[in-house]
>>> print(open('data37.tsv').read())   # TSV, C-alpha atoms
chain	number	residue	atom	x	y	z
B	1	MET	CA	13.08	85.51	53.17
B	2	GLN	CA	12.69	87.88	56.09
B	3	ILE	CA	9.46	89.66	56.93
B	4	ILE	CA	9.99	93.02	58.59
B	5	SER	CA	7.24	95.37	59.71
B	6	ARG	CA	7.81	99.09	59.18
B	7	ARG	CA	5.58	102.13	59.56
B	8	GLU	CA	5.58	105.22	57.36
B	9	ASN	CA	8.92	107.07	57.48
B	10	GLU	CA	10.71	104.06	59.00
B	11	SER	CA	13.61	102.36	57.22
B	12	ILE	CA	15.65	99.21	57.00
B	13	VAL	CA	19.34	99.02	56.08
B	14	ILE	CA	20.69	96.21	53.92
B	15	ASP	CA	24.40	95.37	53.83
B	16	ASN	CA	25.21	98.77	55.42
B	17	ARG	CA	24.78	100.33	51.93
B	18	ILE	CA	21.13	100.12	50.89
B	19	ILE	CA	18.41	102.02	52.75
B	20	VAL	CA	14.73	101.23	52.12
B	21	THR	CA	12.25	103.72	53.59
B	22	VAL	CA	8.46	103.36	53.66
B	23	LEU	CA	7.05	106.65	52.36
B	24	GLU	CA	3.32	105.98	52.50
B	25	PHE	CA	0.51	103.44	52.35
B	26	GLU	CA	-2.39	104.13	50.02
B	27	ASP	CA	-5.16	101.63	49.27
B	28	ASP	CA	-3.33	98.43	48.26
B	29	PHE	CA	-0.01	100.14	47.45
B	30	VAL	CA	3.12	100.98	49.38
B	31	ARG	CA	5.51	103.70	48.20
B	32	LEU	CA	9.16	102.99	48.99
B	33	ALA	CA	12.30	105.09	48.71
B	34	ILE	CA	15.45	103.09	47.96
B	35	GLU	CA	18.89	104.62	48.44
B	36	THR	CA	21.70	102.64	46.79
B	37	PRO	CA	25.29	103.29	45.78
B	38	HIS	CA	25.44	104.68	42.22
B	39	GLU	CA	27.15	101.55	40.92
B	40	GLU	CA	24.25	99.36	42.13
B	41	PRO	CA	20.90	100.80	41.00
B	42	PRO	CA	17.72	98.96	42.08
B	43	TYR	CA	15.75	96.92	39.54
B	44	ARG	CA	12.15	95.72	39.68
B	45	GLU	CA	11.93	91.93	39.90
B	46	GLU	CA	9.47	91.62	36.99
B	47	VAL	CA	11.87	93.27	34.49
B	48	ILE	CA	15.27	92.06	35.67
B	49	HIS	CA	15.09	88.89	33.55
B	50	LEU	CA	14.92	91.10	30.43
B	51	MET	CA	18.36	92.54	31.10
B	52	PRO	CA	21.27	90.73	29.39
B	53	GLU	CA	23.59	90.95	32.41
B	54	PHE	CA	21.03	89.09	34.56
B	55	ALA	CA	19.77	86.59	31.95
>>> encode(input="data37.tsv", output="structure tokens")
Amino acid sequence: MQIISRRENESIVIDNRIIVTVLEFEDDFVRLAIETPHEEPPYREEVIHLMPEFA
């Protein structure tokens, strides 16, 4: 696991195809924007085990 610090409106790029941008901090929450190729949509970790292709 990598820990990367970012401020609002800053991004990280993963595998030259996925861009994660910090939109805002509010109370105990962080809003993120995730840009992915259409064939690879993002999934939340807590629901991915419910999907047959990941089970």
>>> residues_near_point(input="data37.tsv", point="(13.6, 98.3, 56.1)", cutoff="8 Å", atoms="all atoms listed in the file", output="PyMOL selection string")
chain B and resi 4-6+10-14+19-22
>>> closest_residue(input="data37.tsv", among="B:Asp27, B:Glu45, B:Leu50, B:Leu32", to="Glu8 (chain B)", atoms="all atoms listed in the file")
B:Leu32
>>> atom_distance(input="data37.tsv", atom1="CA of Glu40 (chain B)", atom2="CA of Phe25 (chain B)")
26.2 Å
>>> atom_distance(input="data37.tsv", atom1="CA of Ile34 (chain B)", atom2="CA of Glu46 (chain B)")
17.0 Å
>>> atom_distance(input="data37.tsv", atom1="CA of Ile18 (chain B)", atom2="CA of Glu35 (chain B)")
5.6 Å
>>> build_atoms(input="data37.tsv", residues="region 18-41 of chain B", atoms="N, CA and C atoms", output="mmCIF file, keeping the file's coordinate frame")
data_model
loop_
_atom_site.group_PDB
_atom_site.id
_atom_site.type_symbol
_atom_site.label_atom_id
_atom_site.label_comp_id
_atom_site.auth_asym_id
_atom_site.auth_seq_id
_atom_site.Cartn_x
_atom_site.Cartn_y
_atom_site.Cartn_z
ATOM 1 N N ILE B 18 22.426 99.917 51.538
ATOM 2 C CA ILE B 18 21.130 100.120 50.890
ATOM 3 C C ILE B 18 20.105 100.462 51.960
ATOM 4 N N ILE B 19 19.418 101.581 51.778
ATOM 5 C CA ILE B 19 18.410 102.020 52.750
ATOM 6 C C ILE B 19 17.049 102.016 52.063
ATOM 7 N N VAL B 20 16.097 101.291 52.636
ATOM 8 C CA VAL B 20 14.730 101.230 52.120
ATOM 9 C C VAL B 20 13.825 101.901 53.145
ATOM 10 N N THR B 21 13.124 102.958 52.704
ATOM 11 C CA THR B 21 12.250 103.720 53.590
ATOM 12 C C THR B 21 10.817 103.637 53.086
ATOM 13 N N VAL B 22 9.881 103.373 54.000
ATOM 14 C CA VAL B 22 8.460 103.360 53.660
ATOM 15 C C VAL B 22 7.993 104.815 53.637
ATOM 16 N N LEU B 23 7.528 105.279 52.473
ATOM 17 C CA LEU B 23 7.050 106.650 52.360
ATOM 18 C C LEU B 23 5.597 106.789 52.733
ATOM 19 N N GLU B 24 4.739 105.900 52.181
ATOM 20 C CA GLU B 24 3.320 105.980 52.500
ATOM 21 C C GLU B 24 2.590 104.710 52.092
ATOM 22 N N PHE B 25 1.447 104.499 52.712
ATOM 23 C CA PHE B 25 0.510 103.440 52.350
ATOM 24 C C PHE B 25 -0.703 104.119 51.739
ATOM 25 N N GLU B 26 -1.191 103.571 50.637
ATOM 26 C CA GLU B 26 -2.390 104.130 50.020
ATOM 27 C C GLU B 26 -3.146 102.992 49.350
ATOM 28 N N ASP B 27 -4.355 102.743 49.781
ATOM 29 C CA ASP B 27 -5.160 101.630 49.270
ATOM 30 C C ASP B 27 -4.366 100.343 49.381
ATOM 31 N N ASP B 28 -4.085 99.691 48.256
ATOM 32 C CA ASP B 28 -3.330 98.430 48.260
ATOM 33 C C ASP B 28 -1.873 98.629 47.856
ATOM 34 N N PHE B 29 -1.363 99.861 47.913
ATOM 35 C CA PHE B 29 -0.010 100.140 47.450
ATOM 36 C C PHE B 29 0.850 100.701 48.573
ATOM 37 N N VAL B 30 2.135 100.429 48.463
ATOM 38 C CA VAL B 30 3.120 100.980 49.380
ATOM 39 C C VAL B 30 4.156 101.715 48.539
ATOM 40 N N ARG B 31 4.464 102.945 48.893
ATOM 41 C CA ARG B 31 5.510 103.700 48.200
ATOM 42 C C ARG B 31 6.784 103.582 49.020
ATOM 43 N N LEU B 32 7.868 103.170 48.347
ATOM 44 C CA LEU B 32 9.160 102.990 48.990
ATOM 45 C C LEU B 32 10.186 103.934 48.388
ATOM 46 N N ALA B 33 11.127 104.373 49.192
ATOM 47 C CA ALA B 33 12.300 105.090 48.710
ATOM 48 C C ALA B 33 13.485 104.169 48.921
ATOM 49 N N ILE B 34 14.305 104.000 47.880
ATOM 50 C CA ILE B 34 15.450 103.090 47.960
ATOM 51 C C ILE B 34 16.717 103.879 47.649
ATOM 52 N N GLU B 35 17.612 103.941 48.627
ATOM 53 C CA GLU B 35 18.890 104.620 48.440
ATOM 54 C C GLU B 35 19.962 103.556 48.244
ATOM 55 N N THR B 36 20.656 103.619 47.093
ATOM 56 C CA THR B 36 21.700 102.640 46.790
ATOM 57 C C THR B 36 22.955 103.376 46.321
ATOM 58 N N PRO B 37 24.104 102.708 46.390
ATOM 59 C CA PRO B 37 25.290 103.290 45.780
ATOM 60 C C PRO B 37 25.046 103.444 44.268
ATOM 61 N N HIS B 38 25.661 104.427 43.648
ATOM 62 C CA HIS B 38 25.440 104.680 42.220
ATOM 63 C C HIS B 38 25.794 103.490 41.343
ATOM 64 N N GLU B 39 26.748 102.695 41.748
ATOM 65 C CA GLU B 39 27.150 101.550 40.920
ATOM 66 C C GLU B 39 26.183 100.370 41.032
ATOM 67 N N GLU B 40 25.219 100.436 41.945
ATOM 68 C CA GLU B 40 24.250 99.360 42.130
ATOM 69 C C GLU B 40 22.823 99.900 42.156
ATOM 70 N N PRO B 41 22.270 100.288 41.008
ATOM 71 C CA PRO B 41 20.900 100.800 41.000
ATOM 72 C C PRO B 41 19.894 99.676 41.267
#
